[in-house]
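Only one structure is covered here, and it is reproduced in the block below.
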Amino acid sequence: MDELTPEMKEKLKKLYATQRENLVKMKEEFLVKKDSYIASIYTCNSTGCHSGGAENVIDAFKESLEIYGLQDKVRMVSTGCMGLCAHGPLARVEIKGQKPFLYKAVDGMLARLIVAEHLLPALKALKEGKAENFEVNAFLKQRELSLDLPFFTKQKKVVLKNLGHSDPEDFGEYLATGGYQAFIKALDTMTPKEVRDVIRESGLRGRGGGGFPTAKKWDLLAAATGDEKFVICNGDEGDPGAYMDACILGGGAHSVLEGMMIEAYATGATHGWFYVRAEYPLAIERVEQALKQAKKYGLLGKNILGTDFSFMAELRYGAGAFVCGEETALMESLEGKRGTPHPRPPYPTEKGLFGKPSAINNVETLANVPVIIREGAKFFNSVGTETSKGTKVFALTGKVKHSGLVEVPMGMSVSEIVNDIGGGTSSGKPFKAVQTGGPSGGVIPANKLDMPICYEELKKIGSMMGSGGMIVMDQDDSMVEIAKFYLSFTVDESCGKCAPCRIGGYQMLELMKKIARGDGKEDDIQELIEIGSVMKKASLCALGQTAPNPVLSTLRFFREEYEALLKKDDDEEEGCQAALPKKTDKEESKEKPECATCSGCGR
Amino acid sequence: MTDEAALEQTRKAIQKWKKKRGSLIMALHEIQGIYGYVPWDHAKVVAEEMGVALARIYEVLTFYNFFKLESPGKYIISVCDGTACHIKGGASVIDAFAKHLNINPGETTPDRLFHMQIVRCLGCCGLAPVVVVNGKTYGKVSPADVPSIIDEWKKKEAL
């Protein structure tokens, strides 16, 4: 700013002061407005509920509120993920002085009923001073989803805290929930090193899978020199069956952007990049919006809020390649090329995107950063285990009763997550295993249910934290089938650059197919293990190094399922009878069904 | 729209990416956003405008699953085969669509009405198995539901 005249300097000073005042003003205006409502209806409009018809529900609510002239008295909020996706669309009614009431499986009709038979009488009771005595009628009660369920009470929400409680598009609301306080605190009162020290003290580790200490990565980037340095947010959530990052970004990208801005300040980065899957239109929309709002209110750009810190960020889409979740492949993709990884070193913090020092952090990692800076390292590291601090978000899916998005303290046992929070299997049949880490992870069998969830324990049993997919399987699920499924995914997604992954993966898959159709021999199992261990050692990137995990892990805990499928010399060509659903007489044909490898027949 | 006008539209659409570094993929997204796929003539426009070798563009288009080189037909049926959908019977739904439409995943019916593709996780695992047709989501789909889903869109077409 040296070349500026004193008048211009004065003008700029005023501008920055106004910008700061505006932030405070927006926050206060929001709070006043929120306070003017006597009730609120929060409807979940995240991926699951949206697909279930949440838009219709919101329209029906709005229409009904208008009919009764309540549109200015009741706040209608379309929120981010409320968590219990299995029972969506969800809607929560909050009336002053009364307990919040959550509805499940809401449709347009129920929405109208809620306004007429819950909201109206409740508001009347409120007016008459009898709010405490108000009871929801028996019919509506049938559609209640109790907020006292362990699903809600056993979670600890840090990253997801505001997701089901706020309007992701309302910048004022983000500010009112403490938004950008951490960034401003860092900017005004802390040196970059102090910021990194707090992150180090908090014990935050990468939430994308590997669990690399975040502060260490930031230190490396801070130490790197160059005219440009980059911070990159990895939102290329490719694990099939995991949608945490989609929901975090879709439920409000400001927390992630704020985390990125703090990282940039702490490391001296000049430019930030969001790399988000093209398959996530909502997440893309919200990131774009957050960037726009942050620019508008002076939080991105040159000399942010009158300090020496300048930073700009932009958004790029992925294009459907699982390997691009790997950091070196992601950077290739950001450069507009095929997403093929390259060997490290050089590490991205030395030579990354466009040859400049870069640090890549996962969405959830960045979303944790503002909370740590605002509330302090102690707030964060008082939760968790010795080496895994804080909370972790999981997409709890598969055959589990309360399928949804959950956030739990690190160190919680698998049983607590699956049985208490998840409510056990959806089929009521005995639980068999849970798969974590998606195509890179492995299974946790039923006899390890007491195992605490943390980076080290998962690694010990041949799985990994991964980005947070958690798939529950019951006794009907064949472990051979699930391992084959994951392997065919990674073989499909292998970029083909290095031979161990390209050839090894293909050969393993062929062996798996052979075993699954009942032609396998004992030697094939040994060969699977051998190829798998070579791939783990010799593959270029994490995709190939971890691709054998689902096979090796199921072999470790469910070897008998593989063995049962092996071809015995005296095997008669009977065909499988156990695997397939019972056919009706009409469908009965003489054709022998093909083995579906469920192992139900005991082979 | 004439061919020339369409090419001009593409030229305009990629203007904002021209000067930004590493933005080839974004330019291709822009084109697919307009046409539903990346027509080869338009890929050539990108090569000229952005100064990228056509071979490199082909490389990118074929590497990423998201990009299509051929018109995918009017109604795009995306059947999820993410893990949650898979263990709840996603594969049998794929088979049912294949049988009723008489096409394999990734193919288009001869009348160019339906295109079927397998996708990996749409982020609504609570509804597994999930099928999306032109933005409309069907949850908890069983193979028995498949004919009615196809009929629904055929009827829409007949209107």
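Please note that chains go A, B, ... in the order of the structure tokens, that every chain numbers its residues from 1, and that ligands are numbered from 1 in the order shown.
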**Study point:** Expected answer as a PyMOL selection string: chain A residues within 9 Å of chain B, only C-alpha atoms
**Key:** chain A and resi 46-53+84-88+238-244+246-247+278-280+316-321+332-339+354+395-399+402-404+438+471-473+477+482+485-486+495
Practice item. Just the helix (DSSP H, G or I) stuff from stretch 54-95 of chain B, please, per backbone DSSP, written as JSON, numbers by chain. Key: {"B": [54, 55, 56, 57, 58, 59, 60, 61, 62, 63, 83, 84, 85, 86, 87, 90, 91, 92, 93, 94, 95]}
Point to revise | Within 10 Å of stretch 60-65 of chain A using only C-alpha atoms, minus same-chain residues under 4 positions, as a ChimeraX atom specification | key: /A:41,43,54-56,69-76,107-116,119-120
**Study point:** B:Ala13 surroundings by only C-alpha atoms, 10 Å radius, close-in-sequence under 2 positions cut, as number ranges by chain
**Key:** B: 7-11, 15-18, 27-28, 30-31, 34
Exercise for review: Run DSSP on the backbone and grab whatever in stretch 277-363 of chain A lands in strand (DSSP E); send it over as a PyMOL selection string.
Suggested key: chain A and resi 312-317+358-362
Check your understanding: By how many Å are atom CA of A:Pro439 and atom CA of A:Tyr506 apart?
Key ->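 Atom CA of A:Tyr506 lies at a distance of 14.8 Å from atom CA of A:Pro439.
Compared by their closest atoms to B:Gly36, and using only C-alpha atoms, the residues B:Asn134, B:Asp3, B:Val93, B:Asp111 rank with B:Asn134 nearest.
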Review point. If we count only C-alpha atoms, what is near A:Gly226 at a cut-off of 12 Å, once residues fewer than 6 positions away on the same chain are taken out, given as a PyMOL selection string?
Key: chain A and resi 267-270+349-352+354-358
Store the residues of this selection in a file with N, CA, C and O atoms, as a PDB file, in the first residue's frame.
```
ATOM      1  N   THR A 267      -0.325 -20.393   6.503  1.00  0.00           N
ATOM      2  CA  THR A 267       0.750 -20.970   5.686  1.00  0.00           C
ATOM      3  C   THR A 267       1.305 -19.985   4.657  1.00  0.00           C
ATOM      4  O   THR A 267       2.264 -20.299   3.963  1.00  0.00           O
ATOM      5  N   GLY A 268       0.690 -18.819   4.560  1.00  0.00           N
ATOM      6  CA  GLY A 268       1.146 -17.848   3.566  1.00  0.00           C
ATOM      7  C   GLY A 268       0.694 -18.185   2.163  1.00  0.00           C
ATOM      8  O   GLY A 268       1.314 -17.765   1.189  1.00  0.00           O
ATOM      9  N   ALA A 269      -0.378 -18.961   2.038  1.00  0.00           N
ATOM     10  CA  ALA A 269      -0.870 -19.311   0.708  1.00  0.00           C
ATOM     11  C   ALA A 269      -1.561 -18.106   0.073  1.00  0.00           C
ATOM     12  O   ALA A 269      -2.136 -17.269   0.759  1.00  0.00           O
ATOM     13  N   THR A 270      -1.486 -18.045  -1.252  1.00  0.00           N
ATOM     14  CA  THR A 270      -2.019 -16.888  -1.965  1.00  0.00           C
ATOM     15  C   THR A 270      -3.337 -17.180  -2.656  1.00  0.00           C
ATOM     16  O   THR A 270      -4.093 -16.277  -2.984  1.00  0.00           O
ATOM     17  N   THR A 349       3.780 -30.155  -1.111  1.00  0.00           N
ATOM     18  CA  THR A 349       4.179 -28.944  -0.399  1.00  0.00           C
ATOM     19  C   THR A 349       5.495 -28.375  -0.942  1.00  0.00           C
ATOM     20  O   THR A 349       5.835 -27.224  -0.666  1.00  0.00           O
ATOM     21  N   GLU A 350       6.245 -29.200  -1.730  1.00  0.00           N
ATOM     22  CA  GLU A 350       7.435 -28.641  -2.391  1.00  0.00           C
ATOM     23  C   GLU A 350       7.079 -28.222  -3.818  1.00  0.00           C
ATOM     24  O   GLU A 350       7.356 -27.111  -4.248  1.00  0.00           O
ATOM     25  N   LYS A 351       6.475 -29.173  -4.528  1.00  0.00           N
ATOM     26  CA  LYS A 351       6.177 -28.935  -5.935  1.00  0.00           C
ATOM     27  C   LYS A 351       4.801 -29.511  -6.205  1.00  0.00           C
ATOM     28  O   LYS A 351       4.647 -30.715  -6.382  1.00  0.00           O
ATOM     29  N   GLY A 352       3.801 -28.657  -6.204  1.00  0.00           N
ATOM     30  CA  GLY A 352       2.440 -29.158  -6.322  1.00  0.00           C
ATOM     31  C   GLY A 352       1.741 -28.661  -7.566  1.00  0.00           C
ATOM     32  O   GLY A 352       2.276 -28.764  -8.672  1.00  0.00           O
ATOM     33  N   PHE A 354       0.588 -26.692 -10.586  1.00  0.00           N
ATOM     34  CA  PHE A 354       1.344 -25.818 -11.489  1.00  0.00           C
ATOM     35  C   PHE A 354       2.795 -25.649 -11.024  1.00  0.00           C
ATOM     36  O   PHE A 354       3.402 -24.593 -11.208  1.00  0.00           O
ATOM     37  N   GLY A 355       3.309 -26.677 -10.356  1.00  0.00           N
ATOM     38  CA  GLY A 355       4.697 -26.637  -9.896  1.00  0.00           C
ATOM     39  C   GLY A 355       4.925 -25.802  -8.644  1.00  0.00           C
ATOM     40  O   GLY A 355       6.064 -25.628  -8.197  1.00  0.00           O
ATOM     41  N   LYS A 356       3.837 -25.259  -8.076  1.00  0.00           N
ATOM     42  CA  LYS A 356       3.983 -24.398  -6.893  1.00  0.00           C
ATOM     43  C   LYS A 356       3.681 -25.197  -5.625  1.00  0.00           C
ATOM     44  O   LYS A 356       2.888 -26.140  -5.662  1.00  0.00           O
ATOM     45  N   PRO A 357       4.259 -24.775  -4.512  1.00  0.00           N
ATOM     46  CA  PRO A 357       3.974 -25.468  -3.241  1.00  0.00           C
ATOM     47  C   PRO A 357       2.472 -25.456  -2.943  1.00  0.00           C
ATOM     48  O   PRO A 357       1.829 -24.415  -3.058  1.00  0.00           O
ATOM     49  N   SER A 358       1.937 -26.615  -2.587  1.00  0.00           N
ATOM     50  CA  SER A 358       0.489 -26.729  -2.381  1.00  0.00           C
ATOM     51  C   SER A 358       0.200 -27.669  -1.223  1.00  0.00           C
ATOM     52  O   SER A 358       0.955 -28.607  -0.973  1.00  0.00           O
TER      53      SER A 358
END
```
Review point. Near A:Arg200, counting only C-alpha atoms, which residues have an atom at most 12 Å away, once you skip same-chain residues fewer than 4 positions from it, shown as a PyMOL selection string?
Key: chain A and resi 193-196+204-205+212-219+266+369+372-373+376-378+380-381+389
Keeping only N, CA and C atoms, write those residues as a compact mmCIF listing (two decimals), in the first residue's frame.
```
# COMPACT_ATOMS: atom_id res chain seq x y z
N LYS A 193 2.22 -18.55 12.78
CA LYS A 193 2.80 -19.66 13.56
C LYS A 193 1.89 -20.01 14.74
N GLU A 194 1.33 -19.00 15.36
CA GLU A 194 0.43 -19.27 16.49
C GLU A 194 -0.78 -20.09 16.04
N VAL A 195 -1.29 -19.76 14.85
CA VAL A 195 -2.43 -20.53 14.33
C VAL A 195 -2.02 -21.98 14.16
N ARG A 196 -0.84 -22.19 13.55
CA ARG A 196 -0.38 -23.58 13.33
C ARG A 196 -0.16 -24.30 14.66
N LEU A 204 -5.48 -32.29 15.44
CA LEU A 204 -6.30 -32.55 14.24
C LEU A 204 -5.50 -33.33 13.19
N ARG A 205 -6.13 -34.39 12.68
CA ARG A 205 -5.53 -35.18 11.60
C ARG A 205 -6.46 -35.23 10.41
N PHE A 212 -3.04 -37.93 8.20
CA PHE A 212 -1.79 -37.17 8.35
C PHE A 212 -2.04 -35.96 9.24
N PRO A 213 -1.12 -35.69 10.18
CA PRO A 213 -1.34 -34.53 11.07
C PRO A 213 -1.45 -33.23 10.27
N THR A 214 -2.54 -32.53 10.46
CA THR A 214 -2.82 -31.33 9.67
C THR A 214 -1.76 -30.25 9.88
N ALA A 215 -1.35 -30.07 11.14
CA ALA A 215 -0.38 -29.00 11.43
C ALA A 215 0.95 -29.27 10.72
N LYS A 216 1.32 -30.55 10.63
CA LYS A 216 2.58 -30.91 9.98
C LYS A 216 2.55 -30.50 8.51
N LYS A 217 1.42 -30.76 7.87
CA LYS A 217 1.26 -30.38 6.46
C LYS A 217 1.35 -28.87 6.32
N TRP A 218 0.69 -28.18 7.22
CA TRP A 218 0.69 -26.71 7.16
C TRP A 218 2.10 -26.16 7.39
N ASP A 219 2.84 -26.78 8.33
CA ASP A 219 4.21 -26.35 8.59
C ASP A 219 5.06 -26.46 7.32
N ALA A 266 -2.34 -19.10 7.81
CA ALA A 266 -1.34 -19.78 8.62
C ALA A 266 -0.15 -20.26 7.82
N VAL A 369 -11.46 -26.69 11.34
CA VAL A 369 -10.49 -25.64 11.67
C VAL A 369 -11.10 -24.41 12.36
N ILE A 372 -11.82 -25.07 16.00
CA ILE A 372 -10.63 -25.17 16.84
C ILE A 372 -10.07 -23.78 17.17
N ILE A 373 -10.00 -22.92 16.16
CA ILE A 373 -9.45 -21.58 16.39
C ILE A 373 -10.38 -20.76 17.29
N GLY A 376 -10.73 -23.01 20.79
CA GLY A 376 -9.47 -23.41 21.40
C GLY A 376 -9.16 -24.89 21.20
N ALA A 377 -7.84 -25.20 21.30
CA ALA A 377 -7.39 -26.57 21.05
C ALA A 377 -7.98 -27.54 22.07
N LYS A 378 -8.14 -27.07 23.31
CA LYS A 378 -8.65 -27.94 24.39
C LYS A 378 -10.06 -28.43 24.07
N PHE A 380 -11.31 -29.06 21.37
CA PHE A 380 -11.26 -30.12 20.35
C PHE A 380 -10.63 -31.39 20.90
N ASN A 381 -9.47 -31.26 21.56
CA ASN A 381 -8.75 -32.49 21.92
C ASN A 381 -9.20 -33.11 23.23
N LYS A 389 -8.00 -37.39 17.77
CA LYS A 389 -8.74 -36.39 18.53
C LYS A 389 -9.98 -35.93 17.78
```
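The nearest approach to B:Ile76 among the residues B:Lys140, B:His115, B:Lys12, B:Lys154, with only C-alpha atoms taken into account, belongs to B:His115.
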Check your understanding: Which of these, B:Val52, B:Val141, B:Leu113, B:Ala47, has the shortest distance to B:Gly90 once you count only C-alpha atoms?
Key ->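 Once distances to B:Gly90 are computed over only C-alpha atoms, the minimum belongs to B:Val141.
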**Study point:** Residue nearest A:Lys432 - candidates A:Glu10, A:Asp197, A:Glu29, A:Asp474, atoms counted: only C-alpha atoms
**Key:**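 That would be A:Asp474, the residue with the smallest distance to A:Lys432.
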Revision key, fill the gap. Residue with the minimum atom-to-atom distance to A:Gly462, picked from A:Phe489, A:Ser440, A:Leu299, A:Glu522 with only C-alpha atoms counted, is A:Ser440
Practice item. Name the residues in contact with A:Met260 at a cut-off of 12 Å, using only C-alpha atoms, excluding same-chain residues fewer than 6 positions from it; report them as a ChimeraX atom specification. Key: /A:180,182-183,218,230-234,253-254,266-274,291,299-300,311-314,359-370
Create the file for the chosen residues now, containing N, CA, C and O atoms and written as a compact mmCIF listing (two decimals), in the first residue's frame.
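As a result, again00.txt now contains:
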```
# COMPACT_ATOMS: atom_id res chain seq x y z
N TYR A 180 -16.90 -16.83 10.79
CA TYR A 180 -15.80 -15.90 10.49
C TYR A 180 -15.21 -15.23 11.71
O TYR A 180 -14.32 -14.41 11.59
N ALA A 182 -13.51 -16.93 13.89
CA ALA A 182 -12.21 -17.58 13.99
C ALA A 182 -11.22 -16.95 13.02
O ALA A 182 -10.08 -16.67 13.37
N PHE A 183 -11.68 -16.70 11.80
CA PHE A 183 -10.81 -16.11 10.79
C PHE A 183 -10.35 -14.72 11.24
O PHE A 183 -9.17 -14.39 11.18
N TRP A 218 0.69 -28.18 7.22
CA TRP A 218 0.69 -26.71 7.16
C TRP A 218 2.10 -26.16 7.39
O TRP A 218 2.51 -25.19 6.76
N PHE A 230 -0.40 -22.57 -2.84
CA PHE A 230 -1.82 -22.91 -2.96
C PHE A 230 -2.34 -23.76 -1.81
O PHE A 230 -1.62 -24.62 -1.28
N VAL A 231 -3.59 -23.53 -1.46
CA VAL A 231 -4.30 -24.47 -0.59
C VAL A 231 -5.47 -25.04 -1.41
O VAL A 231 -6.13 -24.31 -2.14
N ILE A 232 -5.66 -26.34 -1.27
CA ILE A 232 -6.67 -27.01 -2.08
C ILE A 232 -7.61 -27.77 -1.16
O ILE A 232 -7.17 -28.45 -0.23
N CYS A 233 -8.89 -27.63 -1.43
CA CYS A 233 -9.88 -28.40 -0.67
C CYS A 233 -10.31 -29.60 -1.51
O CYS A 233 -10.85 -29.43 -2.60
N ASN A 234 -10.07 -30.78 -0.99
CA ASN A 234 -10.41 -32.01 -1.70
C ASN A 234 -11.86 -32.40 -1.42
O ASN A 234 -12.19 -32.95 -0.37
N ALA A 253 -21.23 -24.03 2.83
CA ALA A 253 -19.82 -24.16 2.49
C ALA A 253 -18.95 -23.13 3.21
O ALA A 253 -17.73 -23.20 3.13
N HIS A 254 -19.60 -22.19 3.93
CA HIS A 254 -18.80 -21.14 4.58
C HIS A 254 -17.82 -21.69 5.60
O HIS A 254 -16.71 -21.20 5.73
N ALA A 266 -2.34 -19.10 7.81
CA ALA A 266 -1.34 -19.78 8.62
C ALA A 266 -0.15 -20.26 7.82
O ALA A 266 0.92 -20.52 8.37
N THR A 267 -0.32 -20.39 6.50
CA THR A 267 0.75 -20.97 5.69
C THR A 267 1.30 -19.98 4.66
O THR A 267 2.26 -20.30 3.96
N GLY A 268 0.69 -18.82 4.56
CA GLY A 268 1.15 -17.85 3.57
C GLY A 268 0.69 -18.18 2.16
O GLY A 268 1.31 -17.77 1.19
N ALA A 269 -0.38 -18.96 2.04
CA ALA A 269 -0.87 -19.31 0.71
C ALA A 269 -1.56 -18.11 0.07
O ALA A 269 -2.14 -17.27 0.76
N THR A 270 -1.49 -18.04 -1.25
CA THR A 270 -2.02 -16.89 -1.96
C THR A 270 -3.34 -17.18 -2.66
O THR A 270 -4.09 -16.28 -2.98
N HIS A 271 -3.60 -18.47 -2.92
CA HIS A 271 -4.77 -18.80 -3.71
C HIS A 271 -5.33 -20.15 -3.26
O HIS A 271 -4.57 -21.05 -2.93
N GLY A 272 -6.65 -20.24 -3.27
CA GLY A 272 -7.27 -21.50 -2.86
C GLY A 272 -8.12 -22.10 -3.96
O GLY A 272 -8.65 -21.39 -4.81
N TRP A 273 -8.23 -23.42 -3.95
CA TRP A 273 -9.02 -24.12 -4.96
C TRP A 273 -9.94 -25.11 -4.28
O TRP A 273 -9.51 -25.91 -3.46
N PHE A 274 -11.20 -25.05 -4.67
CA PHE A 274 -12.14 -26.10 -4.25
C PHE A 274 -12.25 -27.08 -5.41
O PHE A 274 -12.54 -26.67 -6.54
N LEU A 291 -18.43 -18.40 -1.98
CA LEU A 291 -17.34 -17.61 -2.54
C LEU A 291 -17.84 -16.21 -2.91
O LEU A 291 -17.18 -15.20 -2.65
N LEU A 299 -14.23 -10.49 2.46
CA LEU A 299 -13.44 -11.52 3.16
C LEU A 299 -12.48 -12.24 2.24
O LEU A 299 -11.63 -13.01 2.68
N LEU A 300 -12.64 -12.01 0.95
CA LEU A 300 -11.69 -12.54 -0.03
C LEU A 300 -11.21 -11.37 -0.86
O LEU A 300 -11.97 -10.46 -1.15
N PHE A 311 -5.95 -12.98 -0.25
CA PHE A 311 -6.25 -14.37 -0.60
C PHE A 311 -7.48 -14.44 -1.49
O PHE A 311 -8.44 -13.70 -1.30
N MET A 312 -7.43 -15.29 -2.49
CA MET A 312 -8.56 -15.49 -3.38
C MET A 312 -8.78 -16.99 -3.55
O MET A 312 -7.83 -17.76 -3.45
N ALA A 313 -10.03 -17.38 -3.76
CA ALA A 313 -10.29 -18.82 -3.95
C ALA A 313 -11.25 -19.02 -5.11
O ALA A 313 -12.05 -18.13 -5.42
N GLU A 314 -11.16 -20.16 -5.76
CA GLU A 314 -12.09 -20.47 -6.84
C GLU A 314 -12.48 -21.93 -6.84
O GLU A 314 -11.88 -22.75 -6.13
N ALA A 359 -0.90 -27.41 -0.54
CA ALA A 359 -1.35 -28.35 0.49
C ALA A 359 -2.79 -28.72 0.21
O ALA A 359 -3.62 -27.85 -0.07
N ILE A 360 -3.08 -30.02 0.28
CA ILE A 360 -4.43 -30.50 0.00
C ILE A 360 -5.07 -30.98 1.29
O ILE A 360 -4.49 -31.79 2.01
N ASN A 361 -6.23 -30.44 1.60
CA ASN A 361 -6.95 -30.86 2.79
C ASN A 361 -8.36 -31.28 2.44
O ASN A 361 -8.99 -30.72 1.57
N ASN A 362 -8.85 -32.25 3.19
CA ASN A 362 -10.20 -32.76 2.99
C ASN A 362 -11.25 -31.76 3.51
O ASN A 362 -10.96 -30.93 4.37
N VAL A 363 -12.45 -31.86 2.98
CA VAL A 363 -13.55 -30.97 3.36
C VAL A 363 -13.78 -30.97 4.88
O VAL A 363 -13.84 -29.91 5.52
N GLU A 364 -13.88 -32.17 5.44
CA GLU A 364 -14.19 -32.26 6.87
C GLU A 364 -13.06 -31.71 7.73
O GLU A 364 -13.30 -31.09 8.76
N THR A 365 -11.82 -31.93 7.30
CA THR A 365 -10.67 -31.39 8.03
C THR A 365 -10.80 -29.87 8.12
O THR A 365 -10.68 -29.28 9.19
N LEU A 366 -11.07 -29.25 6.98
CA LEU A 366 -11.15 -27.79 6.94
C LEU A 366 -12.34 -27.29 7.77
O LEU A 366 -12.25 -26.25 8.42
N ALA A 367 -13.43 -28.06 7.78
CA ALA A 367 -14.61 -27.63 8.53
C ALA A 367 -14.35 -27.65 10.04
O ALA A 367 -15.00 -26.94 10.80
N ASN A 368 -13.37 -28.45 10.46
CA ASN A 368 -13.01 -28.48 11.88
C ASN A 368 -12.18 -27.27 12.31
O ASN A 368 -12.16 -26.91 13.48
N VAL A 369 -11.46 -26.69 11.34
CA VAL A 369 -10.49 -25.64 11.67
C VAL A 369 -11.10 -24.41 12.36
O VAL A 369 -10.61 -24.00 13.42
N PRO A 370 -12.19 -23.82 11.81
CA PRO A 370 -12.73 -22.64 12.47
C PRO A 370 -13.14 -22.91 13.93
O PRO A 370 -12.94 -22.06 14.80
```
Practice item. Kindly give the distance, in Å, that separates atom CA of A:Lys448 and atom CA of A:Gln526, rounded to a single decimal. Key: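 Rounded to one decimal, the two atoms are 24.9 Å apart.
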